[in-house]
Amino acid sequence: MTPHRSSTTHRSSLRTALAATLALGMTALMPAQAQTTSTNRYDFRPVTAEMQAFVTDYRLDGASLRVNTHGNVVYRRAFGGYTLDTRIRIASATKWLSALAIARVVEKGQLRWSDTVGQYFPNVEPAKRGITLAQLFSHTSGLPASEGGCLSNPLYTLATCSEYILQQPLIGTPGEVFAYGGQSMQVAGRMAELATGKAWDDIFLDEMVRPLGLTATDYATSSTAPGYVRTVNPRIGGGVRSTLEDYGRVLDMVLAEGCLDSTLYTTCLPARRFLSRATIAFMAQDRTVGTIRLSEPPSAEGQGYGIGQWIDVNDPNVVYSPGAFGFTPWVDRSTQVAGVLLVDDVNTRVAPAITDIRLLVNAVVSAPVTRTAPILPATRIAATASAPAARPAAAATKRTMQRERTAAAGPAASRAH
């Protein structure tokens with residue numbers, strides 16, 4: 001399926017229209033026929049227009065967007081046939097959630113990031129015994145990246161799937177190669193089960209669902225049943241279904257550096273501490289440095305990777321974890337933005353448009369509270385150091401130019417898994 005017009009034409013014409021509309025005082029934008037929550041502090045009408053065009057031009061069933069900045073949810077809106085409660089498969093955005101669940105187990109002292117495969121699988125071959133938990137969750141374990149027959153296969157359990165994966169030959173020396181895939185995380189999930197004595201579903205319920213108040217997030221990616229559905233072989237790196245608000249709650253905590261009270265940046269009551277600041281920072285450290293990159297999504301070529309999350313090589317303050325169907329969560333500490341764009345399509349098709357929307361969100365939240373028209377993505381390159389931007393002008397220009405080159409290359413250059 002293709003959009004009504006080419007995505008390049010759409011982005012160019014939409015940016016021109018938005019700039020003209022802003023110059024006229026934003027009087028002509030039509031309201032979205034959607035559920036909405038917003039704030040008067042920022043002018044999100046350009047974002048609303050971009051989201052409307054995104055759904056229309058790509059003939060999407062719907063989409064939704066949630067934006068938190070400086071600890072406050074300032075935008076929450078659904079478009080097309082979606083509501084704010086629409087629940088979809090999120091593919092590799094699962095990795096961030098699973099990593100956070102593991103991090104909670106680590107902070108409780110039941111696991112360590114330095115724990116090895118050999119400690120939990122004593123019969124594994126010697127070359128694999130030294131693989132660490134951190135390597136399993138950063139794609140640097142040397143285990144095959146290609147997804148074998150046991151992932152999401154109900155004929156396997158998490159235990160038997162992990163055993164199957166560990167029987168496959170290494171593709172490189174652990175710690176020296178980077179190969180993006182989901183198999184190594186399956187082994188990490190099984191290590192968490194063995195360390196806690198719990199099934200993965202119970203770990204996720206105890207460490208994520210209950211403390212964060214998630215109401216529609218589980219690993220039953222192909223199910224349409226309501227509530228939390230258990231899975232005998234949960235796909236640790238790609239099997240979650242979730243909603244805009246559930247994932248947004250997770251990112252609120254990440255933006256608040258591990259605190260459940262997202263508006264408190266200097267203090268956090270002990271009872272409201274979900275993860276330590278040190279753990280949040282540890283997970284965002286790039287583990288690809290010095291490795292041989294064997295496989296990675298084209299859209300992430302050369303990007304860094306931490307524990308369950310990508311790291312923007314041009315700005316390490318930006319971490320993200322997009323899925324193969326377009327679902328895109330991100331945290332940008334430079335602008336203090338946590339965003340979730342919920343869509344179920346094909347990432348290779350919609351990724352360039354999502355990049356534009358992310359840039360536009362940053363432009364809006366970087367605008368003064370006087371509601372001066374924000375600098376749109378198409379004009380950011382021309383911005384001077386005195387413009388209302390959250391980053392130095394040179395850094396913003398470099399990053400924008402790189403993203404626009406990626407968008408110009410077309411959807412084929414924008415795959416993420």
# chains A, B, ... in the order shown; residues from 1 in each chain; ligands from 1
>>> select_by_dssp(residues="range 58-140 of chain A", states="helix (DSSP H, G or I)", output="ChimeraX atom specification")
/A:91-107,117-120,126-128,133-136
>>> residues_around(residues="range 255-272 of chain A", least_positions_apart="4", cutoff="8 Å", atoms="only C-alpha atoms", output="number ranges by chain")
A: 70-72, 212, 251, 276-277, 280, 331, 333, 336-338
>>> atom_distance(atom1="CA of Leu65 in chain A", atom2="CA of Ser223 in chain A")
23.2 Å
>>> atom_distance(atom1="CA of Met208 in chain A", atom2="CA of Glu107 in chain A")
13.5 Å
>>> atom_distance(atom1="CA of Trp310 in chain A", atom2="CA of Gly181 in chain A")
12.8 Å
>>> closest_residue(among="A:Leu84, A:Leu133, A:Leu205, A:Ala101", to="Val229 in chain A", atoms="only C-alpha atoms")
A:Leu205
>>> residues_around(residues="range 108-114 of chain A", least_positions_apart="5", cutoff="7 Å", atoms="only C-alpha atoms", output="list in words")
Thr132, Leu133, Ala134, Ala195 and Thr196 of chain A
>>> write_last_selection(atoms="N, CA and C atoms", output="mmCIF file, in the first residue's frame")
data_model
loop_
_atom_site.group_PDB
_atom_site.id
_atom_site.type_symbol
_atom_site.label_atom_id
_atom_site.label_comp_id
_atom_site.auth_asym_id
_atom_site.auth_seq_id
_atom_site.Cartn_x
_atom_site.Cartn_y
_atom_site.Cartn_z
ATOM 1 N N THR A 132 27.433 -12.234 29.227
ATOM 2 C CA THR A 132 26.800 -11.589 30.379
ATOM 3 C C THR A 132 25.362 -11.171 30.074
ATOM 4 N N LEU A 133 24.632 -10.898 31.139
ATOM 5 C CA LEU A 133 23.262 -10.406 31.003
ATOM 6 C C LEU A 133 23.240 -9.100 30.213
ATOM 7 N N ALA A 134 24.182 -8.211 30.487
ATOM 8 C CA ALA A 134 24.236 -6.938 29.762
ATOM 9 C C ALA A 134 24.479 -7.156 28.275
ATOM 10 N N ALA A 195 16.446 -16.806 38.184
ATOM 11 C CA ALA A 195 16.943 -16.020 39.318
ATOM 12 C C ALA A 195 15.842 -15.705 40.326
ATOM 13 N N THR A 196 14.632 -15.502 39.834
ATOM 14 C CA THR A 196 13.532 -15.099 40.716
ATOM 15 C C THR A 196 12.630 -16.250 41.129
#
>>> residues_around(residues="Leu194 in chain A", least_positions_apart="2", cutoff="12 Å", atoms="only C-alpha atoms", output="list in words")
Val105, Gln110, Leu111, Val117, Gln119, Tyr120, Phe121, Leu158, Ala159, Ser162, Val187, Ala188, Gly189, Arg190, Met191, Ala192, Thr196, Gly197, Lys198, Ala199, Trp200 and Ile203 of chain A
>>> write_last_selection(atoms="N, CA and C atoms", output="JSON list (two decimals), in the first residue's frame")
[["chain", "number", "residue", "atom", "x", "y", "z"],
["A", 105, "VAL", "N", 14.72, -6.25, 38.54],
["A", 105, "VAL", "CA", 15.20, -7.48, 39.17],
["A", 105, "VAL", "C", 16.66, -7.31, 39.60],
["A", 110, "GLN", "N", 18.57, -9.73, 42.75],
["A", 110, "GLN", "CA", 18.33, -11.11, 42.32],
["A", 110, "GLN", "C", 19.12, -11.46, 41.07],
["A", 111, "LEU", "N", 19.56, -10.47, 40.35],
["A", 111, "LEU", "CA", 20.41, -10.63, 39.17],
["A", 111, "LEU", "C", 21.47, -9.54, 39.18],
["A", 117, "VAL", "N", 25.82, -16.49, 31.33],
["A", 117, "VAL", "CA", 25.00, -17.61, 30.85],
["A", 117, "VAL", "C", 25.41, -18.90, 31.57],
["A", 119, "GLN", "N", 26.31, -19.42, 34.53],
["A", 119, "GLN", "CA", 25.77, -19.55, 35.87],
["A", 119, "GLN", "C", 24.37, -20.16, 35.86],
["A", 120, "TYR", "N", 23.63, -19.95, 34.80],
["A", 120, "TYR", "CA", 22.23, -20.40, 34.74],
["A", 120, "TYR", "C", 22.02, -21.56, 33.77],
["A", 121, "PHE", "N", 22.97, -21.75, 32.87],
["A", 121, "PHE", "CA", 22.91, -22.87, 31.93],
["A", 121, "PHE", "C", 24.25, -23.61, 32.01],
["A", 158, "LEU", "N", 9.52, -20.60, 27.35],
["A", 158, "LEU", "CA", 10.68, -19.73, 27.39],
["A", 158, "LEU", "C", 11.93, -20.54, 27.71],
["A", 159, "ALA", "N", 11.78, -21.56, 28.55],
["A", 159, "ALA", "CA", 12.92, -22.41, 28.91],
["A", 159, "ALA", "C", 13.44, -23.20, 27.72],
["A", 162, "SER", "N", 14.99, -20.97, 25.00],
["A", 162, "SER", "CA", 16.34, -20.51, 25.36],
["A", 162, "SER", "C", 17.37, -21.61, 25.14],
["A", 187, "VAL", "N", 17.08, -15.51, 26.00],
["A", 187, "VAL", "CA", 17.93, -16.17, 26.99],
["A", 187, "VAL", "C", 17.98, -15.34, 28.27],
["A", 188, "ALA", "N", 18.06, -14.01, 28.13],
["A", 188, "ALA", "CA", 18.07, -13.13, 29.30],
["A", 188, "ALA", "C", 16.78, -13.26, 30.09],
["A", 189, "GLY", "N", 15.66, -13.37, 29.40],
["A", 189, "GLY", "CA", 14.39, -13.55, 30.09],
["A", 189, "GLY", "C", 14.34, -14.82, 30.90],
["A", 190, "ARG", "N", 14.90, -15.88, 30.34],
["A", 190, "ARG", "CA", 14.94, -17.16, 31.06],
["A", 190, "ARG", "C", 15.87, -17.06, 32.28],
["A", 191, "MET", "N", 16.97, -16.32, 32.17],
["A", 191, "MET", "CA", 17.84, -16.11, 33.32],
["A", 191, "MET", "C", 17.08, -15.41, 34.45],
["A", 192, "ALA", "N", 16.22, -14.45, 34.09],
["A", 192, "ALA", "CA", 15.42, -13.76, 35.10],
["A", 192, "ALA", "C", 14.43, -14.72, 35.76],
["A", 196, "THR", "N", 14.63, -15.50, 39.83],
["A", 196, "THR", "CA", 13.53, -15.10, 40.72],
["A", 196, "THR", "C", 12.63, -16.25, 41.13],
["A", 197, "GLY", "N", 12.68, -17.35, 40.38],
["A", 197, "GLY", "CA", 11.75, -18.45, 40.65],
["A", 197, "GLY", "C", 10.35, -18.15, 40.15],
["A", 198, "LYS", "N", 10.21, -17.16, 39.28],
["A", 198, "LYS", "CA", 8.90, -16.77, 38.75],
["A", 198, "LYS", "C", 8.86, -16.96, 37.24],
["A", 199, "ALA", "N", 7.65, -17.13, 36.71],
["A", 199, "ALA", "CA", 7.46, -17.09, 35.26],
["A", 199, "ALA", "C", 7.63, -15.65, 34.79],
["A", 200, "TRP", "N", 8.01, -15.47, 33.51],
["A", 200, "TRP", "CA", 8.23, -14.12, 33.01],
["A", 200, "TRP", "C", 6.99, -13.23, 33.18],
["A", 203, "ILE", "N", 6.99, -11.87, 36.58],
["A", 203, "ILE", "CA", 8.03, -10.84, 36.71],
["A", 203, "ILE", "C", 7.52, -9.53, 36.14]]
>>> residues_around(residues="Asn233 in chain A", least_positions_apart="6", cutoff="10 Å", atoms="only C-alpha atoms", output="ChimeraX atom specification")
/A:150-162,186,199-201,219-220,239
>>> closest_residue(among="A:Leu294, A:Ser222, A:Gly306, A:Asn314", to="Phe282 in chain A", atoms="only C-alpha atoms")
A:Gly306
>>> residues_around(residues="Gly339 in chain A", least_positions_apart="3", cutoff="12 Å", atoms="only C-alpha atoms", output="JSON, numbers by chain")
{"A": [64, 65, 66, 67, 68, 69, 70, 71, 72, 73, 74, 75, 76, 77, 244, 245, 247, 248, 249, 250, 251, 252, 254, 255, 318, 319, 320, 321, 322, 327, 328, 329, 330, 331, 332, 333, 335, 336, 342, 354, 355, 357, 358, 359, 360, 361, 362, 365]}
>>> closest_residue(among="A:Pro226, A:Gly130, A:Pro297, A:Gly237", to="Arg87 in chain A", atoms="only C-alpha atoms")
A:Pro226
>>> select_by_dssp(residues="range 215-271 of chain A", states="strand (DSSP E or B)", output="list in words")
Asp218, Arg241, Ser242, Thr243 and Cys259 of chain A
